[in-house]
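Here is final28.txt, consisting of compact mmCIF, C-alpha atoms:
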# COMPACT_ATOMS: atom_id res chain seq x y z
CA MET A 280 97.43 -2.28 -49.43
CA THR A 281 95.64 -5.42 -50.62
CA SER A 282 91.89 -5.45 -50.07
CA PRO A 283 90.62 -8.34 -47.91
CA GLN A 284 88.89 -11.17 -49.73
CA LEU A 285 85.12 -10.95 -49.43
CA LYS A 286 83.71 -14.02 -47.65
CA LEU A 287 80.33 -14.31 -49.35
CA ALA A 288 79.45 -17.72 -47.89
CA GLY A 289 79.93 -16.52 -44.33
CA ALA A 290 77.91 -13.34 -44.74
CA LEU A 291 75.09 -14.86 -46.80
CA GLY A 292 74.68 -17.94 -44.66
CA HIS A 293 72.15 -15.91 -42.62
CA GLU A 294 70.59 -13.85 -45.42
CA LEU A 295 67.13 -15.33 -44.92
CA ALA A 296 67.33 -15.43 -41.14
CA ASP A 297 67.06 -11.74 -40.24
CA LYS A 298 67.03 -8.16 -41.53
CA ARG A 299 70.74 -7.56 -41.92
CA ILE A 300 70.85 -7.76 -45.72
CA ASP A 301 67.68 -5.66 -45.89
CA ILE A 302 69.30 -2.97 -43.73
CA LEU A 303 72.42 -3.00 -45.90
CA ARG A 304 70.28 -2.58 -49.00
CA ARG A 305 68.34 0.32 -47.47
CA ILE A 306 71.58 2.08 -46.53
CA GLY A 307 72.64 1.88 -50.15
CA GLU A 308 69.33 3.36 -51.28
CA ALA A 309 68.95 6.08 -48.64
CA GLY A 310 72.59 6.98 -48.00
CA SER A 311 71.77 7.10 -44.30
CA ILE A 312 71.95 4.55 -41.52
CA SER A 313 69.28 6.30 -39.46
CA GLU A 314 66.85 6.39 -42.40
CA ALA A 315 67.59 2.75 -43.20
CA ALA A 316 66.88 1.83 -39.57
CA ARG A 317 63.53 3.65 -39.59
CA ALA A 318 62.50 2.05 -42.88
CA ALA A 319 63.45 -1.41 -41.63
CA GLY A 320 61.60 -0.86 -38.36
CA VAL A 321 64.63 -1.26 -36.09
CA SER A 322 66.59 1.05 -33.81
CA TYR A 323 69.71 2.91 -34.93
CA LYS A 324 71.72 0.73 -32.53
CA ALA A 325 70.27 -2.45 -34.05
CA ALA A 326 71.11 -1.22 -37.55
CA TRP A 327 74.74 -0.69 -36.58
CA GLN A 328 74.78 -4.10 -34.89
CA ALA A 329 73.56 -5.62 -38.15
CA ILE A 330 76.26 -3.93 -40.21
CA ASP A 331 79.00 -4.79 -37.71
CA THR A 332 77.97 -8.46 -37.72
CA LEU A 333 77.74 -8.64 -41.51
CA SER A 334 81.14 -6.97 -41.88
CA ASN A 335 82.67 -9.48 -39.48
CA LEU A 336 81.15 -12.41 -41.39
CA ALA A 337 82.17 -10.96 -44.76
CA GLY A 338 85.68 -10.14 -43.61
CA ALA A 339 85.45 -6.70 -45.22
CA THR A 340 84.07 -3.23 -44.55
CA LEU A 341 80.62 -2.98 -46.12
CA VAL A 342 79.57 0.55 -45.09
CA GLU A 343 81.54 3.76 -44.79
CA ARG A 344 80.07 6.58 -42.74
CA ALA A 345 80.55 10.32 -42.89
CA VAL A 346 80.62 11.65 -39.33
CA GLY A 347 77.50 13.71 -38.63
CA GLY A 348 75.18 14.80 -35.83
CA SER A 349 72.76 12.81 -33.73
CA GLY A 350 71.20 11.36 -36.86
CA GLY A 351 74.43 9.57 -37.70
CA GLY A 352 75.44 11.53 -40.81
CA GLY A 353 75.60 10.09 -44.30
CA ALA A 354 76.72 6.60 -45.26
CA HIS A 355 77.45 4.70 -48.44
CA LEU A 356 78.22 1.13 -49.42
CA THR A 357 81.74 0.07 -50.23
CA PRO A 358 82.43 -2.04 -53.35
CA ALA A 359 82.35 -5.08 -51.04
CA GLY A 360 78.91 -4.03 -49.78
CA ARG A 361 77.55 -3.73 -53.31
CA GLN A 362 79.05 -7.08 -54.27
CA LEU A 363 77.43 -8.72 -51.26
CA LEU A 364 74.00 -7.39 -52.29
CA GLN A 365 74.47 -8.69 -55.84
CA ALA A 366 75.30 -12.13 -54.48
CA ALA A 367 72.27 -11.98 -52.16
CA ASP A 368 69.98 -11.25 -55.14
CA LEU A 369 71.36 -14.23 -57.06
CA MET A 370 70.90 -16.52 -54.04
CA ARG A 371 67.33 -15.32 -53.55
CA GLU A 372 66.48 -16.10 -57.19
CA ALA A 373 68.09 -19.54 -56.96
CA ARG A 374 66.25 -20.32 -53.73
CA ALA A 375 62.92 -19.30 -55.23
CA GLN A 376 63.51 -21.63 -58.19
CA VAL A 377 64.40 -24.56 -55.92
CA LEU A 378 61.36 -24.04 -53.68
CA ALA A 379 59.06 -23.75 -56.70
CA LYS A 380 60.41 -27.02 -58.08
CA MET A 381 59.98 -28.74 -54.70
CA SER A 382 56.41 -27.47 -54.38
CA ARG A 383 55.48 -28.92 -57.75
CA GLY A 384 56.78 -32.26 -56.51
CA GLY A 385 54.76 -32.14 -53.29
CA ALA A 386 57.72 -31.35 -51.06
CA ASP A 387 55.96 -28.25 -49.77
CA GLN A 388 54.48 -30.50 -47.09
CA LEU A 389 57.88 -30.73 -45.40
CA ASP A 390 58.18 -28.98 -42.06
CA ALA A 391 59.90 -25.63 -42.74
CA PRO A 392 61.85 -25.26 -39.47
CA GLY A 393 63.08 -28.85 -39.62
CA LEU A 394 64.06 -28.56 -43.28
CA ALA A 395 65.97 -25.34 -42.66
CA ALA A 396 67.85 -26.91 -39.77
CA LEU A 397 69.43 -29.42 -42.14
CA GLY A 398 71.65 -26.63 -43.45
CA LEU A 399 72.45 -25.19 -40.05
CA ARG A 400 76.02 -25.77 -38.90
CA THR A 401 76.46 -25.17 -35.18
CA SER A 402 78.08 -26.72 -32.12
CA MET A 403 74.69 -26.64 -30.38
CA ARG A 404 73.37 -30.19 -30.36
CA ASN A 405 69.84 -29.32 -29.26
CA GLN A 406 67.77 -27.85 -32.10
CA LEU A 407 64.03 -27.75 -31.42
CA PRO A 408 61.48 -26.53 -33.99
CA CYS A 409 58.80 -24.40 -32.34
CA ARG A 410 56.74 -21.21 -32.75
CA VAL A 411 56.78 -17.84 -31.06
CA LYS A 412 53.83 -17.44 -28.71
CA ALA A 413 54.52 -14.09 -27.04
CA LEU A 414 57.17 -11.45 -26.44
CA LYS A 415 57.42 -9.56 -23.14
CA PRO A 416 59.85 -6.65 -22.61
CA GLN A 417 61.90 -6.93 -19.42
CA GLY A 418 64.22 -3.98 -19.04
CA GLN A 419 66.72 -3.98 -21.90
CA ALA A 420 65.85 -7.59 -22.74
CA ILE A 421 62.93 -9.40 -24.33
CA ARG A 422 61.50 -12.59 -22.83
CA VAL A 423 60.26 -14.77 -25.67
CA GLU A 424 57.78 -17.55 -25.01
CA LEU A 425 58.07 -20.40 -27.51
CA VAL A 426 55.63 -23.26 -28.05
CA LEU A 427 56.99 -26.75 -28.71
CA PRO A 428 55.14 -29.24 -30.96
CA ASP A 429 53.63 -30.93 -27.89
CA GLY A 430 52.18 -27.60 -26.70
CA GLY A 431 54.73 -27.10 -23.94
CA SER A 432 56.44 -23.77 -23.39
CA LEU A 433 60.12 -22.88 -23.66
CA PHE A 434 61.42 -19.42 -22.75
CA SER A 435 64.35 -17.48 -24.16
CA ARG A 436 65.81 -14.16 -23.01
CA ILE A 437 67.42 -12.06 -25.76
CA THR A 438 68.21 -8.39 -26.40
CA ARG A 439 65.72 -5.99 -27.94
CA GLU A 440 68.06 -5.50 -30.89
CA SER A 441 68.18 -9.24 -31.59
CA ALA A 442 64.38 -9.47 -31.46
CA GLN A 443 64.13 -6.57 -33.93
CA LEU A 444 66.66 -7.99 -36.36
CA LEU A 445 64.95 -11.38 -36.32
CA GLY A 446 61.54 -9.76 -36.77
CA LEU A 447 60.05 -11.92 -34.03
CA GLN A 448 56.27 -11.96 -33.71
CA ALA A 449 53.59 -14.33 -32.47
CA GLY A 450 53.08 -17.32 -34.73
CA LEU A 451 56.52 -17.18 -36.36
CA PRO A 452 58.19 -20.60 -36.81
CA VAL A 453 61.68 -20.65 -35.30
CA LEU A 454 64.36 -23.00 -34.03
CA ALA A 455 65.33 -23.01 -30.36
CA LEU A 456 68.98 -23.92 -29.92
CA CYS A 457 70.98 -24.69 -26.79
CA LYS A 458 74.20 -26.46 -25.92
CA ALA A 459 74.00 -29.85 -24.26
CA THR A 460 76.23 -28.47 -21.50
CA ALA A 461 73.54 -25.88 -20.70
CA VAL A 462 70.95 -28.60 -19.99
CA THR A 463 70.81 -30.18 -16.52
CA VAL A 464 68.92 -33.47 -16.36
CA ALA A 465 67.57 -35.02 -13.18
CA ALA A 466 64.93 -37.42 -11.93
CA VAL A 467 61.55 -35.72 -11.59
CA SER A 468 61.74 -35.89 -7.79
CA LYS A 469 65.10 -34.07 -7.78
CA ALA A 470 64.30 -31.32 -10.27
CA ALA A 471 65.01 -27.77 -9.18
CA ALA A 472 62.41 -25.06 -9.61
CA GLY A 473 62.64 -23.08 -12.84
CA ARG A 474 60.65 -21.87 -15.83
CA ASN A 475 62.31 -24.05 -18.47
CA LEU A 476 61.54 -27.52 -17.15
CA LEU A 477 61.06 -30.00 -19.98
CA HIS A 478 59.70 -33.40 -18.98
CA GLY A 479 60.45 -36.57 -20.86
CA HIS A 480 61.90 -40.07 -20.64
CA ALA A 481 65.56 -41.07 -20.73
CA THR A 482 66.61 -42.94 -23.88
CA ARG A 483 70.38 -42.96 -23.26
CA VAL A 484 72.14 -42.66 -19.89
CA SER A 485 75.87 -42.50 -19.24
CA ARG A 486 77.14 -45.12 -16.78
CA ALA A 487 79.85 -42.83 -15.39
CA ALA A 488 79.81 -42.73 -11.60
CA ALA A 489 80.35 -38.99 -11.64
CA GLY A 490 77.33 -38.47 -13.87
CA GLY A 491 77.33 -37.82 -17.57
CA GLU A 492 75.34 -37.37 -20.74
CA VAL A 493 71.64 -38.18 -20.82
CA ALA A 494 69.37 -38.15 -23.88
CA LEU A 495 65.65 -37.50 -23.38
CA THR A 496 62.63 -37.94 -25.59
CA LEU A 497 60.05 -35.20 -25.00
CA PRO A 498 56.28 -35.82 -25.24
CA GLY A 499 56.10 -34.52 -28.83
CA GLY A 500 58.86 -36.88 -29.96
CA LEU A 501 61.71 -34.35 -29.95
CA SER A 502 65.09 -35.35 -28.55
CA LEU A 503 67.06 -33.33 -26.03
CA VAL A 504 70.59 -33.97 -24.75
CA GLY A 505 71.96 -32.78 -21.41
CA PHE A 506 74.08 -33.82 -18.45
CA ALA A 507 73.17 -35.34 -15.09
CA GLY A 508 75.15 -35.14 -11.88
CA PRO A 509 76.56 -38.02 -9.83
CA GLY A 510 74.02 -40.33 -8.26
CA CYS A 511 71.25 -39.15 -10.58
CA GLY A 512 69.53 -42.54 -10.37
CA LEU A 513 68.42 -42.37 -13.99
CA LYS A 514 68.23 -45.35 -16.31
CA VAL A 515 66.78 -45.92 -19.76
CA GLY A 516 63.01 -45.44 -19.59
CA SER A 517 63.11 -43.33 -16.43
CA ALA A 518 60.93 -40.23 -16.23
CA ALA A 519 63.25 -37.24 -16.13
CA VAL A 520 63.20 -33.48 -16.39
CA ALA A 521 65.63 -31.16 -18.17
CA CYS A 522 66.28 -27.67 -16.81
CA VAL A 523 67.52 -25.00 -19.22
CA ASP A 524 68.34 -21.41 -18.28
CA GLU A 525 66.42 -18.88 -20.38
CA SER A 526 69.57 -17.02 -21.36
CA ALA A 527 71.02 -20.24 -22.78
CA VAL A 528 68.23 -20.65 -25.34
CA VAL A 529 69.19 -19.15 -28.71
CA ILE A 530 66.55 -18.38 -31.33
CA ALA A 531 67.15 -18.94 -35.05
CA LEU A 532 64.76 -18.34 -37.91
CA ALA A 533 63.77 -21.19 -40.20
CA GLY A 534 64.38 -19.14 -43.34
As structure tokens, what does this structure read like?
Amino acid sequence: MTSPQLKLAGALGHELADKRIDILRRIGEAGSISEAARAAGVSYKAAWQAIDTLSNLAGATLVERAVGGSGGGGAHLTPAGRQLLQAADLMREARAQVLAKMSRGGADQLDAPGLAALGLRTSMRNQLPCRVKALKPQGQAIRVELVLPDGGSLFSRITRESAQLLGLQAGLPVLALCKATAVTVAAVSKAAAGRNLLHGHATRVSRAAAGGEVALTLPGGLSLVGFAGPGCGLKVGSAAVACVDESAVVIALAG
């Protein structure tokens, strides 16, 4: 049987964004998923989630496990897993060299979240640089409060495992992502109650009678795209408010 081709670009596209590569490396060193999870400061479930995601992205099995007790038994890296770590090391060295060169040229003044977003390929049109302000557990989820450049708040609801793998903590620069279809735009007087209400001014408004796409400029200068319903009454320059459900806000690290 032919071994599947290892998709390094897919798996390493997120190497700097969370702890997945670190967990893989610790499994190779410790020979145990449970020990790797403890050393990385994540739950056993989060560690397996990390390996499952990496394996999907790589298109190959990265870890093989020997069935054991409650601790999960032993585990070792496959040849594909070891190859992925070697590639990660080379990418880390290359990145360090590029950043050092940019710093010598004064490019270290560039905004890190914004710079990282240039290499982010996603269907989500709204990408807002911000910082983590606070994390509040709510059942099996974590409610993350983010601060936008203008000082306004944006909330995201994610799983505990995702928060662990991203290493979220107060002060961390991140990107808040959401689809335009998840953003409802209305005139201020027609806005529904909700936690994620972002006020701004319309810069582009669809002329469709049934409603359509609206682009807003927020107080800090960021742009946000959403959709308004029929009879929204909005026109260019109108004050408007965008409503975004917390579960629709995705958090990405800046690298």
Determine, counting all atoms listed in the file, which protein, DNA and RNA residues have an atom within 10 Å of an atom of range 428-437 of chain A; residues of the same chain fewer than 5 positions away are not included. Present the result as a tab-separated table (two decimals) with C-alpha atoms, in the coordinates of the input.
chain	number	residue	atom	x	y	z
A	407	LEU	CA	64.03	-27.75	-31.42
A	408	PRO	CA	61.48	-26.53	-33.99
A	409	CYS	CA	58.80	-24.40	-32.34
A	410	ARG	CA	56.74	-21.21	-32.75
A	411	VAL	CA	56.78	-17.84	-31.06
A	412	LYS	CA	53.83	-17.44	-28.71
A	413	ALA	CA	54.52	-14.09	-27.04
A	414	LEU	CA	57.17	-11.45	-26.44
A	415	LYS	CA	57.42	-9.56	-23.14
A	416	PRO	CA	59.85	-6.65	-22.61
A	417	GLN	CA	61.90	-6.93	-19.42
A	419	GLN	CA	66.72	-3.98	-21.90
A	420	ALA	CA	65.85	-7.59	-22.74
A	421	ILE	CA	62.93	-9.40	-24.33
A	422	ARG	CA	61.50	-12.59	-22.83
A	423	VAL	CA	60.26	-14.77	-25.67
A	442	ALA	CA	64.38	-9.47	-31.46
A	455	ALA	CA	65.33	-23.01	-30.36
A	456	LEU	CA	68.98	-23.92	-29.92
A	474	ARG	CA	60.65	-21.87	-15.83
A	475	ASN	CA	62.31	-24.05	-18.47
A	476	LEU	CA	61.54	-27.52	-17.15
A	477	LEU	CA	61.06	-30.00	-19.98
A	478	HIS	CA	59.70	-33.40	-18.98
A	497	LEU	CA	60.05	-35.20	-25.00
A	498	PRO	CA	56.28	-35.82	-25.24
A	499	GLY	CA	56.10	-34.52	-28.83
A	500	GLY	CA	58.86	-36.88	-29.96
A	501	LEU	CA	61.71	-34.35	-29.95
A	523	VAL	CA	67.52	-25.00	-19.22
A	524	ASP	CA	68.34	-21.41	-18.28
A	525	GLU	CA	66.42	-18.88	-20.38
A	526	SER	CA	69.57	-17.02	-21.36
A	527	ALA	CA	71.02	-20.24	-22.78
A	528	VAL	CA	68.23	-20.65	-25.34
A	529	VAL	CA	69.19	-19.15	-28.71
A	530	ILE	CA	66.55	-18.38	-31.33
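For the choices A:Ala466, A:Asp301, A:Ala531, A:Met370, the atom-to-atom distance to Lys514 in chain A is smallest for A:Ala466 when using all atoms listed in the file.
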Put a box with edges along x, y and z around all the listed atoms of range 299-310 of chain A, pad it by 6 Å on each side, then give me its centre and sizes in Å, one decimal, as lines of an AutoDock Vina configuration file.
center_x = 70.2
center_y = -0.4
center_z = -46.6
size_x = 17.0
size_y = 26.7
size_z = 21.4
Practice prompt. Could you check how far CA of Lys298 in chain A sits from CA of Ala326 in chain A, in Å to one decimal?
Written response: 9.0 Å
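When all atoms listed in the file are used to measure the gap to Cys522 in chain A, the shortest distance among A:Leu503, A:Leu336, A:Ile330, A:Ala489 belongs to A:Leu503.
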Fill in: Two-atom distance - CA of Leu427 in chain A, CA of Ala519 in chain A (Å)
17.5 Å
